[in-house]
Amino acid sequence: MSETTAAAFLELVAGRRGHFRLESGHHGGLWLDLDPLFAEPRRVAPFVAALAAAIRPHAVSAVCGPLLGGAFLAQLVAHALDVEFWFTERVMPATPAAPGALYRARYRLPPAVASRVRAKRVAMVDDVMSAGSALRGTFAELRAHGAEPVVAGALLVLGTTGVSFFAEHRVALEAVSRDEYDLWLPAACPLCAAGAPLEDVAAPASEGADACDPPRSRKSPPP
Ligand SMILES: [Zn+2]
């Protein structure tokens, strides 16, 4: 099977309905557990190949992905393109979130990687992008170190929030598949209005503790 539709992608992950606080700070009604995505490399391979083919014309010299899933993907795409592979790690602020705060997560390049990115054209990839928290953080970190992030890519793009961000920053976007997605600011969330219990799916176990702890929980739909 080589179909690379959103429906085919969603068969590779575990989705569930509810009321979720996402890494970006938005609320959403769908959570995708992306941990099984790379469990069967053969099944995700057509999506990876499609993304690599879409990124190839951008002539990058590296592919960078946020840990965890984005980095697994970045490694595969970098291998396909025969370019460097980089990753960023999430750091959540130790201070409690103000109500309604968005995009609090920061993404850091490891020092040994940060020292080699200056002036390089780079693609940023993640398995799924919705609000784009992880890719926004990766974009900011790459720019801060003098890299030139020219394209963002994802196997599945949900909704338009992340799409708008990269359009505003004149960064190309390559999506293997796309689907609609309802994402709300907390103050405008209909599930909050209905009194549905909120599940925080992005808060790392380390939040409020040692900010240097590695990320523990998968985001999704990512940020
Ligand atoms: Zn809500």
# chains A, B, ... in the order shown; residues from 1 in each chain; ligands from 1
>>> closest_atom_pairs(of="chain A", to="ligand 1", cutoff="7 Å", atoms="only C-alpha atoms and all ligand atoms", output="Markdown table")
| residue | atom | partner | partner_atom_place_in_ligand_line | distance |
| --- | --- | --- | --- | --- |
| A:His19 | CA | ligand 1 | 1 (Zn) | 6.2 |
| A:Phe20 | CA | ligand 1 | 1 (Zn) | 6.9 |
| A:His27 | CA | ligand 1 | 1 (Zn) | 4.9 |
| A:Gly28 | CA | ligand 1 | 1 (Zn) | 7.0 |
| A:Pro186 | CA | ligand 1 | 1 (Zn) | 5.3 |
| A:Cys189 | CA | ligand 1 | 1 (Zn) | 4.4 |
| A:Pro190 | CA | ligand 1 | 1 (Zn) | 6.4 |
| A:Leu191 | CA | ligand 1 | 1 (Zn) | 4.8 |
| A:Cys192 | CA | ligand 1 | 1 (Zn) | 3.9 |
| A:Leu198 | CA | ligand 1 | 1 (Zn) | 6.4 |
>>> write_last_selection(atoms="C-alpha atoms", output="compact mmCIF listing (two decimals), in the first residue's frame")
# COMPACT_ATOMS: atom_id res chain seq x y z
CA HIS A 19 -11.28 17.66 25.62
CA PHE A 20 -7.56 18.25 25.53
CA HIS A 27 -7.90 23.28 23.42
CA GLY A 28 -8.91 20.56 20.97
CA PRO A 186 -9.23 28.48 25.84
CA CYS A 189 -13.59 26.63 23.73
CA PRO A 190 -17.08 25.13 23.40
CA LEU A 191 -16.02 22.08 25.43
CA CYS A 192 -15.03 24.35 28.34
CA LEU A 198 -9.98 19.02 30.51
>>> closest_atom_pairs(of="region 165-184 of chain A", to="region 100-123 of chain A", cutoff="10 Å", atoms="only C-alpha atoms", output="JSON lines")
{"residue": "A:Val171", "atom": "CA", "partner": "A:Ala123", "partner_atom": "CA", "distance": 9.7}
{"residue": "A:Ala172", "atom": "CA", "partner": "A:Ala123", "partner_atom": "CA", "distance": 9.4}
{"residue": "A:Leu173", "atom": "CA", "partner": "A:Ala123", "partner_atom": "CA", "distance": 9.7}
{"residue": "A:Glu174", "atom": "CA", "partner": "A:Ala123", "partner_atom": "CA", "distance": 9.9}
>>> write_last_selection(atoms="N, CA, C and O atoms", output="compact mmCIF listing (two decimals), in the first residue's frame")
# COMPACT_ATOMS: atom_id res chain seq x y z
N VAL A 171 7.91 30.96 4.98
CA VAL A 171 8.57 29.67 4.97
C VAL A 171 7.65 28.71 4.21
O VAL A 171 6.45 28.65 4.48
N ALA A 172 8.20 27.99 3.23
CA ALA A 172 7.39 27.06 2.45
C ALA A 172 6.85 25.95 3.35
O ALA A 172 7.47 25.61 4.37
N LEU A 173 5.71 25.40 3.00
CA LEU A 173 5.14 24.30 3.78
C LEU A 173 4.87 23.13 2.84
O LEU A 173 4.24 23.31 1.79
N GLU A 174 5.34 21.95 3.22
CA GLU A 174 5.08 20.74 2.45
C GLU A 174 4.31 19.77 3.33
O GLU A 174 4.80 19.33 4.36
>>> select_by_dssp(residues="region 99-166 of chain A", states="strand (DSSP E)", output="count of residues only")
23
>>> select_by_dssp(residues="region 60-160 of chain A", states="helix (DSSP H, G or I)", output="NGL selection string")
:A and (69-81 or 111-114 or 133-144)
>>> atom_distance(atom1="CA of Val201 (chain A)", atom2="CA of Pro96 (chain A)")
15.4 Å
>>> residues_around(residues="Leu37 (chain A)", least_positions_apart="4", cutoff="10 Å", atoms="only C-alpha atoms", output="number ranges by chain")
A: 9-14, 33, 41, 43-44, 69, 72-73, 127
>>> write_last_selection(atoms="all heavy atoms", output="tab-separated table (two decimals), in the first residue's frame")
chain	number	residue	atom	x	y	z
A	9	PHE	N	-3.08	7.80	6.95
A	9	PHE	CA	-2.19	8.18	8.06
A	9	PHE	C	-2.85	7.88	9.40
A	9	PHE	O	-2.23	7.35	10.32
A	9	PHE	CB	-1.84	9.67	7.98
A	9	PHE	CG	-0.88	10.11	9.04
A	9	PHE	CD1	0.49	10.01	8.84
A	9	PHE	CD2	-1.34	10.60	10.26
A	9	PHE	CE1	1.39	10.40	9.84
A	9	PHE	CE2	-0.45	10.99	11.26
A	9	PHE	CZ	0.92	10.89	11.04
A	10	LEU	N	-4.14	8.24	9.50
A	10	LEU	CA	-4.85	8.09	10.78
A	10	LEU	C	-4.99	6.62	11.18
A	10	LEU	O	-5.21	6.30	12.34
A	10	LEU	CB	-6.21	8.79	10.72
A	10	LEU	CG	-6.09	10.32	10.65
A	10	LEU	CD1	-7.44	10.97	10.36
A	10	LEU	CD2	-5.50	10.89	11.94
A	11	GLU	N	-4.84	5.71	10.18
A	11	GLU	CA	-4.87	4.28	10.52
A	11	GLU	C	-3.59	3.85	11.24
A	11	GLU	O	-3.56	2.80	11.87
A	11	GLU	CB	-5.03	3.45	9.24
A	11	GLU	CG	-6.44	3.48	8.69
A	11	GLU	CD	-6.56	2.71	7.37
A	11	GLU	OE1	-5.59	2.00	7.02
A	11	GLU	OE2	-7.60	2.85	6.71
A	12	LEU	N	-2.53	4.67	11.14
A	12	LEU	CA	-1.25	4.30	11.75
A	12	LEU	C	-1.11	4.78	13.19
A	12	LEU	O	-0.17	4.44	13.88
A	12	LEU	CB	-0.09	4.90	10.93
A	12	LEU	CG	0.00	4.48	9.46
A	12	LEU	CD1	1.19	5.16	8.80
A	12	LEU	CD2	0.13	2.98	9.35
A	13	VAL	N	-2.03	5.65	13.62
A	13	VAL	CA	-1.94	6.23	14.96
A	13	VAL	C	-3.23	5.94	15.72
A	13	VAL	O	-4.18	5.44	15.15
A	13	VAL	CB	-1.66	7.75	14.90
A	13	VAL	CG1	-0.35	8.01	14.19
A	13	VAL	CG2	-2.79	8.49	14.22
A	14	ALA	N	-3.22	6.27	17.01
A	14	ALA	CA	-4.41	6.00	17.82
A	14	ALA	C	-5.05	7.33	18.19
A	14	ALA	O	-4.47	8.13	18.91
A	14	ALA	CB	-4.00	5.23	19.07
A	33	ASP	N	-2.42	9.77	19.50
A	33	ASP	CA	-1.24	9.17	20.14
A	33	ASP	C	-0.32	8.72	19.02
A	33	ASP	O	-0.61	7.76	18.30
A	33	ASP	CB	-1.67	7.97	21.00
A	33	ASP	CG	-0.48	7.34	21.69
A	33	ASP	OD1	0.68	7.67	21.35
A	33	ASP	OD2	-0.70	6.49	22.57
A	41	PRO	N	8.02	0.47	10.41
A	41	PRO	CA	8.65	1.37	9.44
A	41	PRO	C	8.11	1.21	8.02
A	41	PRO	O	7.98	2.17	7.28
A	41	PRO	CB	10.13	1.00	9.52
A	41	PRO	CG	10.29	0.43	10.88
A	41	PRO	CD	9.00	-0.26	11.20
A	43	ARG	N	5.14	0.64	7.07
A	43	ARG	CA	3.83	1.28	6.85
A	43	ARG	C	3.96	2.79	6.74
A	43	ARG	O	3.19	3.42	6.03
A	43	ARG	CB	2.88	0.91	7.99
A	43	ARG	CG	2.54	-0.56	8.00
A	43	ARG	CD	1.46	-0.88	9.02
A	43	ARG	NE	0.15	-0.33	8.64
A	43	ARG	CZ	-0.90	-0.29	9.46
A	43	ARG	NH1	-0.78	-0.73	10.70
A	43	ARG	NH2	-2.04	0.21	9.05
A	44	VAL	N	4.90	3.38	7.45
A	44	VAL	CA	5.05	4.84	7.39
A	44	VAL	C	5.94	5.25	6.22
A	44	VAL	O	5.97	6.42	5.82
A	44	VAL	CB	5.56	5.38	8.74
A	44	VAL	CG1	7.06	5.13	8.93
A	44	VAL	CG2	5.26	6.87	8.88
A	69	GLY	N	8.81	12.43	17.87
A	69	GLY	CA	8.42	11.94	16.55
A	69	GLY	C	9.03	12.72	15.41
A	69	GLY	O	9.38	12.16	14.37
A	72	PHE	N	12.52	11.44	14.76
A	72	PHE	CA	12.53	10.14	14.05
A	72	PHE	C	12.34	10.39	12.56
A	72	PHE	O	13.03	9.84	11.72
A	72	PHE	CB	11.39	9.22	14.53
A	72	PHE	CG	11.49	8.77	15.95
A	72	PHE	CD1	10.33	8.50	16.67
A	72	PHE	CD2	12.71	8.60	16.57
A	72	PHE	CE1	10.39	8.06	17.98
A	72	PHE	CE2	12.78	8.17	17.89
A	72	PHE	CZ	11.62	7.90	18.60
A	73	LEU	N	11.37	11.26	12.27
A	73	LEU	CA	11.06	11.58	10.88
A	73	LEU	C	12.22	12.31	10.21
A	73	LEU	O	12.59	12.01	9.08
A	73	LEU	CB	9.79	12.43	10.83
A	73	LEU	CG	9.37	12.93	9.45
A	73	LEU	CD1	9.09	11.77	8.50
A	73	LEU	CD2	8.14	13.83	9.58
A	127	ASP	N	5.93	14.95	12.59
A	127	ASP	CA	5.00	13.94	12.10
A	127	ASP	C	3.63	14.55	11.80
A	127	ASP	O	3.09	14.40	10.72
A	127	ASP	CB	4.91	12.73	13.05
A	127	ASP	CG	5.03	13.10	14.52
A	127	ASP	OD1	4.73	14.27	14.86
A	127	ASP	OD2	5.40	12.23	15.31
>>> residues_around(residues="Ala134 (chain A)", least_positions_apart="2", cutoff="9 Å", atoms="only C-alpha atoms", output="ChimeraX atom specification")
/A:23-24,65-67,70,88,90,103,105-107,126,129,131-132,136-139,219,222-223
